[in-house]
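*Asks:* Below is the structure I would like to discuss, written out as structure tokens.
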Amino acid sequence: MATAKKKLAKPKAKNAATPKPPPQPKVKVATKPVPKAKTKAKKAARPRPKRKSKPTPQWLLYVLECNDGTYYCGITNDLDRRVAQHNAGTAARYTRGRGPVKVLRTWPLPDRSTASKAEYAFKALSRAEKEARLKGK
């Protein structure tokens, strides 16, 4: 007796080319405007306490001479605190192994932006130009 093999029917793949039905247009429903809720009478405004104005810090461009004879230039609004940080080794990485430092000169500047620009300009100078500036020429 011969056994007949039945072929299993493979499921048909969905044809990607079958067109999708067009989207249905959205219907706008007319609505009535919602009336605003009535507000209570406003309380009398309390006067705000006057703020104490903080004094504007004076920014300084400072130049330090390190123990090895090199110069370090920076900006601050509290020179004593900043020099103490340099000598303690908690300020700029450049001065950590070169302490103790001493202040050679400072220049007062009106704001931080101007101080940063002056610092950048000073750092771009050569050693001879820096020494001339430090002497006041």
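Labeling convention for the structure tokens: chains A, B, ... as they appear, residues from 1 per chain, ligands from 1 in order of appearance.
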Could you pull the residues within 12 Å of Pro100 of chain A, counting only C-alpha atoms, minus those fewer than 6 positions along the same chain, as a list in words?
*Replies:*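 Counting only C-alpha atoms, the residues come to Leu64, Glu65, Cys66, Asn67, Asp68, Gly69, Thr70, Val83, Ala84, Gln85, His86, Asn87, Ala88 and Gly89 of chain A.
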*Asks:* Let me see the file: selected residues, C-alpha atoms, as a PDB file, in the first residue's frame.
*Replies:*
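Listed below is the output, result-v1.pdb:
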ATOM      1  CA  LEU A  64      51.575  86.094  41.261  1.00  0.00           C
ATOM      2  CA  GLU A  65      55.212  85.101  41.296  1.00  0.00           C
ATOM      3  CA  CYS A  66      55.622  81.444  42.139  1.00  0.00           C
ATOM      4  CA  ASN A  67      58.500  80.017  44.197  1.00  0.00           C
ATOM      5  CA  ASP A  68      60.248  78.821  41.016  1.00  0.00           C
ATOM      6  CA  GLY A  69      60.204  82.332  39.469  1.00  0.00           C
ATOM      7  CA  THR A  70      57.296  81.801  37.050  1.00  0.00           C
ATOM      8  CA  VAL A  83      46.050  83.992  47.576  1.00  0.00           C
ATOM      9  CA  ALA A  84      45.376  81.813  50.638  1.00  0.00           C
ATOM     10  CA  GLN A  85      43.857  79.181  48.328  1.00  0.00           C
ATOM     11  CA  HIS A  86      46.944  79.288  46.086  1.00  0.00           C
ATOM     12  CA  ASN A  87      49.264  78.866  49.067  1.00  0.00           C
ATOM     13  CA  ALA A  88      47.115  76.044  50.503  1.00  0.00           C
ATOM     14  CA  GLY A  89      47.201  74.186  47.173  1.00  0.00           C
TER      15      GLY A  89
END
*Asks:* In Å, rounded to a single decimal, give me how far atom CA of Leu79 of chain A is from atom CA of Gly97 of chain A.
*Replies:*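 We find that atom CA of Gly97 of chain A and atom CA of Leu79 of chain A lie 20.0 Å from each other.
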*Asks:* List the neighbours of segment 121-125 of chain A out to 12 Å using only C-alpha atoms; skip same-chain residues closer than 3 positions along the sequence, and give me the result as a PDB file with N, CA and C atoms, in the first residue's frame.
*Replies:*
ATOM      1  N   LEU A  61      42.420  91.833  38.452  1.00  0.00           N
ATOM      2  CA  LEU A  61      43.361  91.000  37.700  1.00  0.00           C
ATOM      3  C   LEU A  61      44.618  91.000  38.554  1.00  0.00           C
ATOM      4  N   TYR A  62      45.113  89.817  38.894  1.00  0.00           N
ATOM      5  CA  TYR A  62      46.296  89.750  39.748  1.00  0.00           C
ATOM      6  C   TYR A  62      47.369  88.905  39.087  1.00  0.00           C
ATOM      7  N   VAL A  63      48.621  89.224  39.414  1.00  0.00           N
ATOM      8  CA  VAL A  63      49.755  88.452  38.915  1.00  0.00           C
ATOM      9  C   VAL A  63      50.548  87.993  40.127  1.00  0.00           C
ATOM     10  N   TYR A  71      55.405  83.199  36.524  1.00  0.00           N
ATOM     11  CA  TYR A  71      54.264  84.071  36.812  1.00  0.00           C
ATOM     12  C   TYR A  71      52.971  83.301  36.641  1.00  0.00           C
ATOM     13  N   TYR A  72      51.994  83.677  37.449  1.00  0.00           N
ATOM     14  CA  TYR A  72      50.638  83.154  37.300  1.00  0.00           C
ATOM     15  C   TYR A  72      49.698  84.343  37.308  1.00  0.00           C
ATOM     16  N   CYS A  73      48.762  84.362  36.374  1.00  0.00           N
ATOM     17  CA  CYS A  73      47.808  85.457  36.247  1.00  0.00           C
ATOM     18  C   CYS A  73      46.404  84.898  36.445  1.00  0.00           C
ATOM     19  N   GLY A  74      45.565  85.633  37.185  1.00  0.00           N
ATOM     20  CA  GLY A  74      44.190  85.200  37.399  1.00  0.00           C
ATOM     21  C   GLY A  74      43.310  86.386  37.740  1.00  0.00           C
ATOM     22  N   ILE A  75      42.006  86.108  37.942  1.00  0.00           N
ATOM     23  CA  ILE A  75      41.062  87.148  38.339  1.00  0.00           C
ATOM     24  C   ILE A  75      40.331  86.692  39.594  1.00  0.00           C
ATOM     25  N   TRP A 107      45.280  94.880  39.229  1.00  0.00           N
ATOM     26  CA  TRP A 107      44.603  95.943  38.488  1.00  0.00           C
ATOM     27  C   TRP A 107      43.113  95.823  38.779  1.00  0.00           C
ATOM     28  N   THR A 114      35.133  92.110  31.761  1.00  0.00           N
ATOM     29  CA  THR A 114      36.320  92.908  31.457  1.00  0.00           C
ATOM     30  C   THR A 114      37.561  92.267  32.068  1.00  0.00           C
ATOM     31  N   ALA A 115      37.413  91.725  33.290  1.00  0.00           N
ATOM     32  CA  ALA A 115      38.540  91.075  33.962  1.00  0.00           C
ATOM     33  C   ALA A 115      38.997  89.835  33.193  1.00  0.00           C
ATOM     34  N   SER A 116      38.058  89.060  32.691  1.00  0.00           N
ATOM     35  CA  SER A 116      38.410  87.853  31.929  1.00  0.00           C
ATOM     36  C   SER A 116      39.132  88.213  30.637  1.00  0.00           C
ATOM     37  N   LYS A 117      38.674  89.270  29.979  1.00  0.00           N
ATOM     38  CA  LYS A 117      39.325  89.696  28.740  1.00  0.00           C
ATOM     39  C   LYS A 117      40.734  90.208  29.017  1.00  0.00           C
ATOM     40  N   ALA A 118      40.909  90.934  30.118  1.00  0.00           N
ATOM     41  CA  ALA A 118      42.234  91.442  30.477  1.00  0.00           C
ATOM     42  C   ALA A 118      43.179  90.298  30.841  1.00  0.00           C
ATOM     43  N   ALA A 128      58.902  89.038  28.498  1.00  0.00           N
ATOM     44  CA  ALA A 128      59.451  90.394  28.544  1.00  0.00           C
ATOM     45  C   ALA A 128      58.329  91.442  28.584  1.00  0.00           C
ATOM     46  N   GLU A 129      57.275  91.218  27.812  1.00  0.00           N
ATOM     47  CA  GLU A 129      56.142  92.144  27.811  1.00  0.00           C
ATOM     48  C   GLU A 129      55.415  92.124  29.159  1.00  0.00           C
ATOM     49  N   LYS A 130      55.324  90.937  29.775  1.00  0.00           N
ATOM     50  CA  LYS A 130      54.699  90.832  31.081  1.00  0.00           C
ATOM     51  C   LYS A 130      55.514  91.600  32.130  1.00  0.00           C
ATOM     52  N   GLU A 131      56.820  91.478  32.064  1.00  0.00           N
ATOM     53  CA  GLU A 131      57.678  92.186  33.022  1.00  0.00           C
ATOM     54  C   GLU A 131      57.550  93.686  32.847  1.00  0.00           C
ATOM     55  N   ALA A 132      57.430  94.154  31.600  1.00  0.00           N
ATOM     56  CA  ALA A 132      57.261  95.584  31.339  1.00  0.00           C
ATOM     57  C   ALA A 132      55.936  96.079  31.919  1.00  0.00           C
ATOM     58  N   ARG A 133      54.860  95.294  31.793  1.00  0.00           N
ATOM     59  CA  ARG A 133      53.572  95.664  32.354  1.00  0.00           C
ATOM     60  C   ARG A 133      53.624  95.688  33.884  1.00  0.00           C
ATOM     61  N   LEU A 134      54.361  94.732  34.448  1.00  0.00           N
ATOM     62  CA  LEU A 134      54.442  94.652  35.902  1.00  0.00           C
ATOM     63  C   LEU A 134      55.192  95.843  36.483  1.00  0.00           C
TER      64      LEU A 134
END
*Asks:* What does the distance from atom CA of Leu104 of chain A to atom CA of Lys135 of chain A come to in Å, to one decimal?
*Replies:*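 These two atoms are separated by 9.5 Å.
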*Asks:* Restricting the calculation to only C-alpha atoms: of A:Pro33, A:Trp59, A:Lys20, A:Val27, which residue gets closest to Thr106 of chain A?
*Replies:*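 Residue with the minimum atom-to-atom distance to Thr106 of chain A: A:Trp59.
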*Asks:* Residues of segment 49-97 of chain A classed as strand (DSSP E) by DSSP on the backbone are to be reported as a PyMOL selection string.
*Replies:* chain A and resi 59-65+71-76
*Asks:* Would you mind exporting the chosen residues as a PDB file, in the first residue's frame, restricted to C-alpha atoms?
*Replies:*
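Listing of result.pdb after writing:
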ATOM      1  CA  TRP A  59      37.052  92.438  40.213  1.00  0.00           C
ATOM      2  CA  LEU A  60      40.824  92.287  40.167  1.00  0.00           C
ATOM      3  CA  LEU A  61      43.361  91.000  37.700  1.00  0.00           C
ATOM      4  CA  TYR A  62      46.296  89.750  39.748  1.00  0.00           C
ATOM      5  CA  VAL A  63      49.755  88.452  38.915  1.00  0.00           C
ATOM      6  CA  LEU A  64      51.575  86.094  41.261  1.00  0.00           C
ATOM      7  CA  GLU A  65      55.212  85.101  41.296  1.00  0.00           C
ATOM      8  CA  TYR A  71      54.264  84.071  36.812  1.00  0.00           C
ATOM      9  CA  TYR A  72      50.638  83.154  37.300  1.00  0.00           C
ATOM     10  CA  CYS A  73      47.808  85.457  36.247  1.00  0.00           C
ATOM     11  CA  GLY A  74      44.190  85.200  37.399  1.00  0.00           C
ATOM     12  CA  ILE A  75      41.062  87.148  38.339  1.00  0.00           C
ATOM     13  CA  THR A  76      39.144  87.340  41.604  1.00  0.00           C
TER      14      THR A  76
END
